[in-house]
Structures are given as structure tokens and as C-alpha cells.
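Everything below concerns the one structure shown next.
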Amino acid sequence: MKAFKTILLFMALLAASQISAAEVTSDGDNENVQWLSTSTAEIYLVTGENYLQYRYNGDGTRDNSTMPGAVNMLAVNFFSIYYNLADSVDITHASLQYMICPEGESEGLWNTIECNEVNTLVSPRKNTHRSSFNEQKIISRDLAPGNYVLRIMFQLIDDEGQYYFFGKDNDNFVFYFSMNEPMDPEILGISMPIMLGQDEYLDIWAQVGEPFETIDLTSEEPLESMLINEVYIFAQGNFGNIDLAYKVCDENGVKIYDSKITCLPDEFGNWCSDPDNSLELLDDTKLQNNKSYNLYFWAEGVVDEQVYTLDNDGDNYLVKFVYGGQGSGCITGDITGDDTVDVSDVNAVINIMLGKAQASSYPGNADLNGDNKVDVSDVNIVINIMLGKE
């Protein structure tokens, strides 16, 4: 039965993409199709600047706003259809069907947006199918500047494969609009959660026009991991690609490594990373245990070979932390990073103490007693570790 319903759904969607309102009639030409005349439908549109509601109750329209002549974008924010059908009718699928054509052209392809909330009881005589609020689905993507006609109708399918259509006077809802020139390219914001442990998250948010935040974690426990599950980047303009870029530097600002996370546009107009491909930001082959680092974030995208960034004028988004994983120098007293504690480590501490070498030139931590200086007490600790006394 499940396979049969799947086939019916596929056939229904295929038919919806091929049948125009003019070809679907209720006079017997297609006995598997009925037009509804006593139902009610509503749609909420977003134009980039305005939030518009249109409603049709079977005998007239009630428009709370008027479609503006020119828009920057057009998205479906929410829609619903309320219908009166016999109790024996089991509606299994409901959708919004829409067609956008240049003004003066009458033919085009029907597109489908499925409802995702089903059979919500409104009254004993009336059921409804609806989509979720505030899940914008852009329907004007790739439209060139010019004048267009938007046609909308609502489609129901029952468990017997019967189609029910609803539109204004059986001829759809019809809206006229114009597309402006594309908005100037700009990256508007970055949002992403970073997982630091099993239940600990950093909620990163940065937006244009506001200083980027600095998060200082150096006074907390050393971090073994920084895991990103999803990245959301908000932008306007016809970007060819947008990436989240990051780099890890030592506390002196020297870059250790850098990389990028590729984001792709979704149906809501945002740019997102793959939610099923978590990324570990900390590279234990390049980081040293118990050393401080700075992790910087920014977003960059390309339009017509020109790069646009959201980076707070180069200051980026900064997370300061101490690494505590399995990087080089993870053995206490192993200053040289050769996985053993021997006389070479004693010499390394002495050279740092006498100013003959910088502490940053060694992978291991020479400040073994944690007093923020390297002196003879640290030399004694290395010797005791080497002799097995510690």
C-alpha cells in the first residue's frame, strides 16, 4: 500500500507540473480532477521589503496589502488551504502550485511547494493544510529585471488519486509584479554553533555594521576539539559562491594554518554548509599542547570574479583558547617534541632561560611549573622527569 501511495504521489506531482489551469476543467473533460468552489485559501508573500497577505474565500478576495509594482525578491513565507469535503475523503497530499511568466506570455511550467502540516482540525466541517510560518522559499530566483505574472493555485490529492484544485474563479490567483535590478552584493551575517564538548556550545553570530565579538577561553580548561556542524551565511546579490574562512594563529599572530568551509544556497536563500559533514577546526598535527592560539572567522564570496567579505574591516571574529589535545609536545617535559625526555630537553630549557632561544621555537611547554617564567626550577623539573623522579 505504501508503494502504491508513493506511485500515486509521483504521478500527482508529474501531472501538476504539466497541467495548466486552462486545461483542468470540472465539466467532465477530466473526471479525475475537481475544482473546489467553497474552500478558502491564503498566501503570505515576502518581497524583500514588504510582508503581504492575500486571501480568497470562494466568493471574493480580501487583500490586506497590494502587490507592489517592483520588488527585489519574491518569496512564499506561508500558505494554507481550508476545504469542505466529505468525511470519507482522505487528503494525503496538499501543495501550492505556482507559475511565473514574463508579462505577455501565457505558458510556463508549474512548480510545487509541498505543505508540511497536515489535516489540522479547524472546525467540525472544515480541515486545513498549511505550510510552516517563516520558512521563506524564494520563487524569483534567477529572474532577470522586467515585468512578470505570478499564477497560483492549490492542489489536494486524496488516497484514491483524486485531484482537487482551488484558485480564483478556476483561473488561479494572478499577481503582476516587476523585478528590480539585482541588489548590490553584500554579505550580511554569519551564524554557526561551535561544539566545544559533549554539551557545550559557542553560538557565533556576526553581522554587517557591528563589531565582531572576541571570545576569550584561555582561562578555562584547554580545548581538545572545536567542531562545527552547520554554518549559515546571509547575503544579498547574485553570488556565485560563499565560503566561511578561518585561520589559526599563535598568540603572537603567526599563522599556523588556514582553511575554508564551502557553503551552498538553500531554497530559503541562505548559504549553508553540509549539516551531515561536521568539521573539526583544531589540527592536532599542527598545534602544540598547552599553548595559546587565536582562531579567526570571516565570510567571503565571489560575484563576477570580485571578492566580497564580511570581516569587520579585517579584524575578523576571534576565539582565544589553549589547546589541550594530542598535538606535538604533549609529553610533559618533552620540550623538543621528539616524544622522549632527555638531555636535549634540559638544554632547550637552559637556552630559553639564558635568552639564547625563544620559547615559541620549541613545540613543548618549557614553563613546567606554570609560574609564567622559565628558570632553574623548570630545568630541575625536566631533570627529575628524565631520571624518573617525577
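Every chain in the C-alpha cells takes a letter, A first, then B, and so on in the order presented; its residues are numbered from 1, and the ligands are numbered from 1 following the presented order.
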
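The residue set within 10 Å of Tyr317 of chain A, counting only C-alpha atoms and dropping same-chain residues fewer than 2 places from it, reads Ile204, Trp205, Ala206, Pro211, Phe212, Glu213, Thr214, Ile215, Tyr246, Asn294, Leu295, Tyr296, Phe297, Trp298, Ala299, Leu310, Asp311, Asn312, Gly314, Asp315 and Val319 of chain A.
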
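Residues with any atom within 9 Å of Leu264 of chain A, counting only C-alpha atoms and excluding same-chain neighbours fewer than 3 positions away, are Asn241, Ile242, Asp243, Asn270, Trp271, Cys272, Ser273 and Asp274 of chain A.
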
Requested write-out: C-alpha atoms of the selected residues, as a PDB file, in the first residue's frame:
ATOM      1  CA  ASN A 241      29.798  31.067  -4.150  1.00  0.00           C
ATOM      2  CA  ILE A 242      30.243  31.988  -0.479  1.00  0.00           C
ATOM      3  CA  ASP A 243      32.669  30.382   1.995  1.00  0.00           C
ATOM      4  CA  ASN A 270      20.611  31.364   2.756  1.00  0.00           C
ATOM      5  CA  TRP A 271      24.066  29.899   2.242  1.00  0.00           C
ATOM      6  CA  CYS A 272      24.652  26.757   4.302  1.00  0.00           C
ATOM      7  CA  SER A 273      27.310  24.144   4.865  1.00  0.00           C
ATOM      8  CA  ASP A 274      26.523  20.431   4.707  1.00  0.00           C
TER       9      ASP A 274
END

For this session: Enumerate the residues of segment 130-294 of chain A with a DSSP assignment of strand (DSSP E or B), computed from the backbone, and present them as a ChimeraX atom specification.
Result: /A:130,137-138,146-158,163-166,173-179,186-195,201-207,214-216,223,227-228,232-236,241-250,255-265,271-272,279-280,288,292-294

Name the residues in contact with Leu85 of chain A at a cut-off of 12 Å, using only C-alpha atoms, excluding same-chain residues fewer than 6 positions from it; report them as a PDB file with C-alpha atoms, in the first residue's frame.
ATOM      1  CA  GLN A  34     -12.397  18.578  -9.449  1.00  0.00           C
ATOM      2  CA  TRP A  35     -12.373  22.316  -8.895  1.00  0.00           C
ATOM      3  CA  LEU A  36     -13.336  23.442  -5.394  1.00  0.00           C
ATOM      4  CA  SER A  37     -15.689  26.405  -5.102  1.00  0.00           C
ATOM      5  CA  THR A  38     -16.480  26.545  -1.383  1.00  0.00           C
ATOM      6  CA  SER A  39     -12.978  26.480   0.034  1.00  0.00           C
ATOM      7  CA  ILE A  91      -6.447  14.012   1.675  1.00  0.00           C
ATOM      8  CA  PRO A 124     -16.098  20.015  12.622  1.00  0.00           C
ATOM      9  CA  ARG A 125     -16.803  20.876   8.976  1.00  0.00           C
ATOM     10  CA  LYS A 126     -13.531  22.303   7.758  1.00  0.00           C
ATOM     11  CA  ASN A 127      -9.990  20.937   7.527  1.00  0.00           C
ATOM     12  CA  THR A 128      -6.825  22.706   6.508  1.00  0.00           C
ATOM     13  CA  LEU A 156      -5.111  18.440  -2.993  1.00  0.00           C
ATOM     14  CA  ILE A 157      -4.768  14.707  -3.668  1.00  0.00           C
ATOM     15  CA  ASP A 158      -6.714  12.044  -1.831  1.00  0.00           C
ATOM     16  CA  TYR A 164      -8.852  18.820  -6.187  1.00  0.00           C
TER      17      TYR A 164
END

With a distance cut-off of 12 Å and only C-alpha atoms, select the neighbouring residues of Asn369 of chain A, excluding the residue or stretch itself and same-chain residues fewer than 3 positions from it, and output the selection as a PDB file with C-alpha atoms, in the first residue's frame.
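Final file, part.pdb:
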ATOM      1  CA  THR A 332      55.318  16.809  29.993  1.00  0.00           C
ATOM      2  CA  GLY A 333      58.981  17.787  29.832  1.00  0.00           C
ATOM      3  CA  ASN A 365      55.932  23.955  27.016  1.00  0.00           C
ATOM      4  CA  ALA A 366      59.107  24.964  28.920  1.00  0.00           C
ATOM      5  CA  ASN A 372      54.835  32.335  33.660  1.00  0.00           C
ATOM      6  CA  LYS A 373      58.637  32.282  33.509  1.00  0.00           C
ATOM      7  CA  VAL A 374      61.340  29.806  32.548  1.00  0.00           C
ATOM      8  CA  ASP A 375      64.089  29.473  35.134  1.00  0.00           C
ATOM      9  CA  VAL A 376      66.211  26.947  37.034  1.00  0.00           C
ATOM     10  CA  SER A 377      63.135  25.409  38.704  1.00  0.00           C
ATOM     11  CA  ASP A 378      61.906  24.322  35.259  1.00  0.00           C
ATOM     12  CA  VAL A 379      65.367  22.853  34.497  1.00  0.00           C
ATOM     13  CA  ASN A 380      65.165  20.800  37.700  1.00  0.00           C
ATOM     14  CA  ILE A 381      61.688  19.519  36.757  1.00  0.00           C
ATOM     15  CA  VAL A 382      62.941  18.273  33.361  1.00  0.00           C
TER      16      VAL A 382
END

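Considering the residues A:Glu160, A:Phe173, A:Tyr82, A:Ser178 and counting only C-alpha atoms, Pro102 of chain A has its shortest atom-to-atom contact with A:Ser178.
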